[in-house]
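Undergrad: I am sharing run.csv, which consists of CSV, N, CA and C atoms:
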chain,number,residue,atom,x,y,z
A,7,MET,N,-1.2,7.3,22.8
A,7,MET,CA,-2.2,6.3,22.3
A,7,MET,C,-3.5,6.5,23.0
A,8,LYS,N,-4.6,6.5,22.3
A,8,LYS,CA,-5.9,6.7,22.9
A,8,LYS,C,-6.4,5.3,23.3
A,9,LYS,N,-6.9,5.2,24.5
A,9,LYS,CA,-7.6,4.0,25.0
A,9,LYS,C,-9.0,4.0,24.5
A,10,LEU,N,-9.5,3.0,23.9
A,10,LEU,CA,-10.9,2.9,23.4
A,10,LEU,C,-11.8,2.4,24.5
A,11,ASN,N,-13.0,3.0,24.5
A,11,ASN,CA,-14.0,2.5,25.5
A,11,ASN,C,-14.6,1.2,24.8
A,12,SER,N,-15.5,0.5,25.5
A,12,SER,CA,-16.0,-0.7,25.0
A,12,SER,C,-16.8,-0.6,23.7
A,13,TYR,N,-17.6,0.5,23.5
A,13,TYR,CA,-18.3,0.7,22.3
A,13,TYR,C,-17.4,1.0,21.1
A,14,GLU,N,-16.4,1.9,21.3
A,14,GLU,CA,-15.4,2.2,20.3
A,14,GLU,C,-14.7,0.9,19.9
A,15,SER,N,-14.3,0.1,20.9
A,15,SER,CA,-13.6,-1.1,20.6
A,15,SER,C,-14.4,-2.1,19.8
A,16,GLU,N,-15.7,-2.2,20.0
A,16,GLU,CA,-16.6,-3.1,19.3
A,16,GLU,C,-16.7,-2.6,17.8
A,17,VAL,N,-16.8,-1.3,17.6
A,17,VAL,CA,-16.9,-0.7,16.3
A,17,VAL,C,-15.7,-1.1,15.5
A,18,ILE,N,-14.5,-0.9,16.0
A,18,ILE,CA,-13.2,-1.2,15.3
A,18,ILE,C,-13.2,-2.7,15.1
A,19,LYS,N,-13.6,-3.6,16.0
A,19,LYS,CA,-13.5,-5.0,15.8
A,19,LYS,C,-14.5,-5.4,14.7
A,20,ASP,N,-15.6,-4.8,14.6
A,20,ASP,CA,-16.6,-5.1,13.6
A,20,ASP,C,-16.0,-4.7,12.2
A,21,ILE,N,-15.3,-3.6,12.1
A,21,ILE,CA,-14.7,-3.2,10.8
A,21,ILE,C,-13.7,-4.3,10.4
A,22,ILE,N,-12.9,-4.8,11.4
A,22,ILE,CA,-11.8,-5.8,11.1
A,22,ILE,C,-12.5,-7.1,10.7
A,23,ARG,N,-13.5,-7.5,11.5
A,23,ARG,CA,-14.2,-8.8,11.3
A,23,ARG,C,-14.8,-8.8,9.9
A,24,ASP,N,-15.3,-7.7,9.4
A,24,ASP,CA,-16.0,-7.7,8.1
A,24,ASP,C,-15.1,-7.9,7.0
A,25,GLY,N,-13.8,-8.1,7.2
A,25,GLY,CA,-12.8,-8.4,6.2
A,25,GLY,C,-12.2,-7.2,5.6
A,26,GLY,N,-12.5,-6.0,6.2
A,26,GLY,CA,-11.8,-4.8,5.7
A,26,GLY,C,-11.2,-4.1,6.9
A,27,SER,N,-10.2,-3.4,6.6
A,27,SER,CA,-9.6,-2.6,7.6
A,27,SER,C,-9.6,-1.1,7.3
A,28,ALA,N,-10.4,-0.8,6.3
A,28,ALA,CA,-10.5,0.6,5.9
A,28,ALA,C,-11.9,1.2,6.2
A,29,PHE,N,-11.9,2.4,6.5
A,29,PHE,CA,-13.2,3.1,6.7
A,29,PHE,C,-13.1,4.6,6.4
A,30,GLU,N,-14.2,5.2,6.3
A,30,GLU,CA,-14.3,6.6,5.9
A,30,GLU,C,-14.9,7.4,7.1
A,31,LEU,N,-14.4,8.5,7.4
A,31,LEU,CA,-14.9,9.3,8.5
A,31,LEU,C,-14.7,10.8,8.1
A,32,ASP,N,-15.8,11.5,8.1
A,32,ASP,CA,-15.8,13.0,7.7
A,32,ASP,C,-15.1,13.2,6.4
A,33,GLY,N,-15.3,12.3,5.4
A,33,GLY,CA,-14.7,12.5,4.1
A,33,GLY,C,-13.2,12.1,4.0
A,34,LYS,N,-12.7,11.5,5.1
A,34,LYS,CA,-11.3,11.1,5.0
A,34,LYS,C,-11.3,9.6,5.2
A,35,ARG,N,-10.3,8.9,4.4
A,35,ARG,CA,-10.2,7.5,4.5
A,35,ARG,C,-9.1,7.1,5.5
A,36,TYR,N,-9.4,6.1,6.3
A,36,TYR,CA,-8.5,5.6,7.3
A,36,TYR,C,-8.3,4.1,7.2
A,37,GLN,N,-7.2,3.6,7.7
A,37,GLN,CA,-7.0,2.1,7.6
A,37,GLN,C,-6.5,1.7,9.0
A,38,VAL,N,-7.1,0.6,9.5
A,38,VAL,CA,-6.7,0.0,10.7
A,38,VAL,C,-5.7,-1.1,10.4
A,39,ILE,N,-4.5,-1.0,11.1
A,39,ILE,CA,-3.5,-2.0,10.9
A,39,ILE,C,-3.0,-2.5,12.3
A,40,SER,N,-2.6,-3.7,12.4
A,40,SER,CA,-2.1,-4.3,13.6
A,40,SER,C,-0.6,-3.9,13.7
A,41,LEU,N,-0.2,-3.3,14.8
A,41,LEU,CA,1.2,-3.0,15.0
A,41,LEU,C,2.0,-4.2,15.4
A,42,ASP,N,1.3,-5.3,15.6
A,42,ASP,CA,2.0,-6.6,16.0
A,42,ASP,C,2.5,-7.3,14.7
A,43,ASP,N,2.0,-6.9,13.6
A,43,ASP,CA,2.4,-7.5,12.3
A,43,ASP,C,3.9,-7.1,12.1
A,44,PRO,N,4.7,-8.0,11.7
A,44,PRO,CA,6.1,-7.7,11.5
A,44,PRO,C,6.3,-6.6,10.4
A,45,ILE,N,7.1,-5.7,10.7
A,45,ILE,CA,7.4,-4.6,9.7
A,45,ILE,C,8.8,-4.9,9.2
A,46,THR,N,8.8,-5.0,7.9
A,46,THR,CA,10.1,-5.4,7.2
A,46,THR,C,10.7,-4.2,6.5
A,47,THR,N,11.9,-4.3,6.2
A,47,THR,CA,12.6,-3.3,5.5
A,47,THR,C,12.6,-3.7,4.0
A,48,VAL,N,12.9,-2.7,3.1
A,48,VAL,CA,12.9,-3.0,1.7
A,48,VAL,C,14.0,-4.1,1.5
A,49,LYS,N,15.1,-4.0,2.1
A,49,LYS,CA,16.2,-5.0,2.0
A,49,LYS,C,15.7,-6.4,2.3
A,50,GLU,N,14.9,-6.6,3.4
A,50,GLU,CA,14.4,-7.9,3.8
A,50,GLU,C,13.4,-8.3,2.7
A,51,ASP,N,12.5,-7.4,2.3
A,51,ASP,CA,11.5,-7.8,1.3
A,51,ASP,C,12.2,-8.3,0.0
A,52,VAL,N,13.3,-7.6,-0.4
A,52,VAL,CA,14.0,-8.0,-1.7
A,52,VAL,C,14.6,-9.3,-1.5
A,53,GLU,N,15.2,-9.6,-0.3
A,53,GLU,CA,15.9,-10.8,-0.1
A,53,GLU,C,14.9,-12.0,-0.2
A,54,ARG,N,13.6,-11.8,0.2
A,54,ARG,CA,12.6,-12.8,0.2
A,54,ARG,C,11.9,-13.0,-1.1
A,55,ASP,N,12.0,-11.9,-2.0
A,55,ASP,CA,11.2,-11.9,-3.2
A,55,ASP,C,12.0,-11.5,-4.4
A,56,ALA,N,12.4,-12.6,-5.2
A,56,ALA,CA,13.3,-12.3,-6.3
A,56,ALA,C,12.6,-11.5,-7.4
A,57,GLU,N,11.3,-11.6,-7.6
A,57,GLU,CA,10.6,-10.8,-8.6
A,57,GLU,C,10.6,-9.3,-8.2
A,58,LEU,N,10.5,-9.1,-6.9
A,58,LEU,CA,10.5,-7.7,-6.4
A,58,LEU,C,11.9,-7.1,-6.7
A,59,GLU,N,12.9,-7.9,-6.5
A,59,GLU,CA,14.3,-7.4,-6.8
A,59,GLU,C,14.5,-7.1,-8.2
A,60,GLN,N,14.0,-7.9,-9.1
A,60,GLN,CA,14.1,-7.7,-10.5
A,60,GLN,C,13.3,-6.4,-10.9
A,61,ARG,N,12.1,-6.2,-10.4
A,61,ARG,CA,11.3,-5.1,-10.7
A,61,ARG,C,12.0,-3.8,-10.2
A,62,LEU,N,12.6,-3.8,-9.1
A,62,LEU,CA,13.4,-2.7,-8.6
A,62,LEU,C,14.6,-2.4,-9.4
A,63,GLN,N,15.3,-3.4,-9.8
A,63,GLN,CA,16.5,-3.2,-10.7
A,63,GLN,C,16.1,-2.7,-12.0
A,64,GLN,N,15.0,-3.1,-12.6
A,64,GLN,CA,14.5,-2.6,-13.9
A,64,GLN,C,14.1,-1.1,-13.7
A,65,ALA,N,13.4,-0.8,-12.6
A,65,ALA,CA,13.0,0.6,-12.4
A,65,ALA,C,14.3,1.5,-12.3
A,66,LYS,N,15.3,1.0,-11.6
A,66,LYS,CA,16.6,1.7,-11.5
A,66,LYS,C,17.2,2.0,-12.9
A,67,LYS,N,17.2,0.9,-13.7
A,67,LYS,CA,17.8,1.1,-15.0
A,67,LYS,C,16.9,2.1,-15.9
A,68,ASP,N,15.6,2.0,-15.7
A,68,ASP,CA,14.7,2.9,-16.5
A,68,ASP,C,15.0,4.3,-16.1
A,69,ILE,N,15.2,4.6,-14.8
A,69,ILE,CA,15.4,6.0,-14.3
A,69,ILE,C,16.8,6.4,-14.9
A,70,LEU,N,17.8,5.6,-14.8
A,70,LEU,CA,19.1,6.0,-15.3
A,70,LEU,C,19.1,6.3,-16.8
A,71,HIS,N,18.2,5.6,-17.6
A,71,HIS,CA,18.1,5.9,-19.0
A,71,HIS,C,17.0,6.9,-19.3
A,72,ASN,N,16.6,7.6,-18.3
A,72,ASN,CA,15.5,8.6,-18.5
A,72,ASN,C,14.2,8.1,-19.1
A,73,LYS,N,13.9,6.8,-18.8
A,73,LYS,CA,12.7,6.2,-19.2
A,73,LYS,C,11.7,6.3,-18.0
A,74,VAL,N,11.2,7.5,-17.9
A,74,VAL,CA,10.3,7.8,-16.8
A,74,VAL,C,9.0,8.4,-17.3
A,75,TYR,N,7.9,8.3,-16.6
A,75,TYR,CA,6.6,8.7,-17.0
A,75,TYR,C,5.9,9.5,-15.9
A,76,SER,N,5.2,10.5,-16.3
A,76,SER,CA,4.4,11.2,-15.3
A,76,SER,C,3.1,10.4,-15.0
A,77,THR,N,2.4,10.8,-13.9
A,77,THR,CA,1.2,10.1,-13.6
A,77,THR,C,0.2,10.2,-14.7
A,78,ASP,N,0.1,11.4,-15.3
A,78,ASP,CA,-0.9,11.6,-16.4
A,78,ASP,C,-0.5,10.7,-17.6
A,79,GLU,N,0.7,10.6,-17.9
A,79,GLU,CA,1.1,9.7,-19.0
A,79,GLU,C,0.7,8.2,-18.7
A,80,ILE,N,1.0,7.8,-17.4
A,80,ILE,CA,0.6,6.4,-17.1
A,80,ILE,C,-0.9,6.2,-17.2
A,81,LEU,N,-1.7,7.2,-16.7
A,81,LEU,CA,-3.1,7.1,-16.7
A,81,LEU,C,-3.6,7.0,-18.2
A,82,GLU,N,-3.0,7.8,-19.0
A,82,GLU,CA,-3.3,7.8,-20.5
A,82,GLU,C,-3.0,6.4,-21.1
A,83,MET,N,-1.9,5.9,-20.7
A,83,MET,CA,-1.5,4.5,-21.3
A,83,MET,C,-2.5,3.5,-20.8
A,84,ILE,N,-2.9,3.6,-19.5
A,84,ILE,CA,-3.9,2.6,-19.0
A,84,ILE,C,-5.2,2.8,-19.8
A,85,GLU,N,-5.7,4.0,-20.0
A,85,GLU,CA,-6.9,4.2,-20.7
A,85,GLU,C,-6.9,3.7,-22.1
A,86,GLN,N,-5.7,3.8,-22.7
A,86,GLN,CA,-5.5,3.3,-24.1
A,86,GLN,C,-5.2,1.8,-24.2
A,87,GLY,N,-5.2,1.2,-23.0
A,87,GLY,CA,-4.9,-0.3,-23.0
A,87,GLY,C,-3.5,-0.7,-23.2
A,88,GLU,N,-2.6,0.3,-23.1
A,88,GLU,CA,-1.1,0.0,-23.3
A,88,GLU,C,-0.5,-0.7,-22.1
A,89,LEU,N,-1.2,-0.5,-20.9
A,89,LEU,CA,-0.7,-1.1,-19.7
A,89,LEU,C,-1.8,-1.9,-19.1
Could you spell out this file's structure in structure tokens?
TA:
Amino acid sequence: MKKLNSYESEVIKDIIRDGGSAFELDGKRYQVISLDDPITTVKEDVERDAELEQRLQQAKKDILHNKVYSTDEILEMIEQGEL
């Protein structure tokens, strides 16, 4: 882990204070996240969110019934207002 000097630390704090945690540097996008935030597993997320569980179950059924779409197909459906 890199230790930040005071200037670098202030720059990062400014990014976070401005309500965003993302920034761009040399054409690449980065996101600042707190490692103190609790990291949950999918199982824990599903146990807390019934809608998420339903969506995952539906996705599983769709895959089993070969109801899958490519990214291009999804983008086309979005452009046509189907999604």
Undergrad: Near segment 15-27 of chain A, within 6.5 Å and counting all atoms listed in the file, which residues show up once chain neighbours fewer than 6 positions away are dropped, as a list in words?
TA: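 Once the nearby chain positions are removed, what remains is Tyr36, Gln37, Val38 and Ile39 of chain A.
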Undergrad: Got a sec: who's within 9 Å of segment 74-86 of chain A, counting only C-alpha atoms, leaving out chain neighbours fewer than 4 positions off, as number ranges by chain?
TA: A: 65, 68-69
Undergrad: Got a sec to tell me which of chain A DSSP assigns to strand (DSSP E or B), as a ChimeraX atom specification?
TA: /A:28-31,34-37
Undergrad: Which distance in Å separates atom CA of Thr47 of chain A and atom C of Glu59 of chain A, to one decimal?
TA: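 Between these atoms lies a distance of 14.3 Å.
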Undergrad: How many Å lie between atom N of Glu14 of chain A and atom C of Glu30 of chain A, rounded to one decimal?
TA: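 Result for atom N of Glu14 of chain A versus atom C of Glu30 of chain A: 15.3 Å, one decimal.
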Undergrad: Between atom CA of Lys8 of chain A and atom N of Pro44 of chain A, what is the distance in Å, rounded to a tenth?
TA: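 Taking atom CA of Lys8 of chain A as the start and atom N of Pro44 of chain A as the end point, the length is 21.3 Å.
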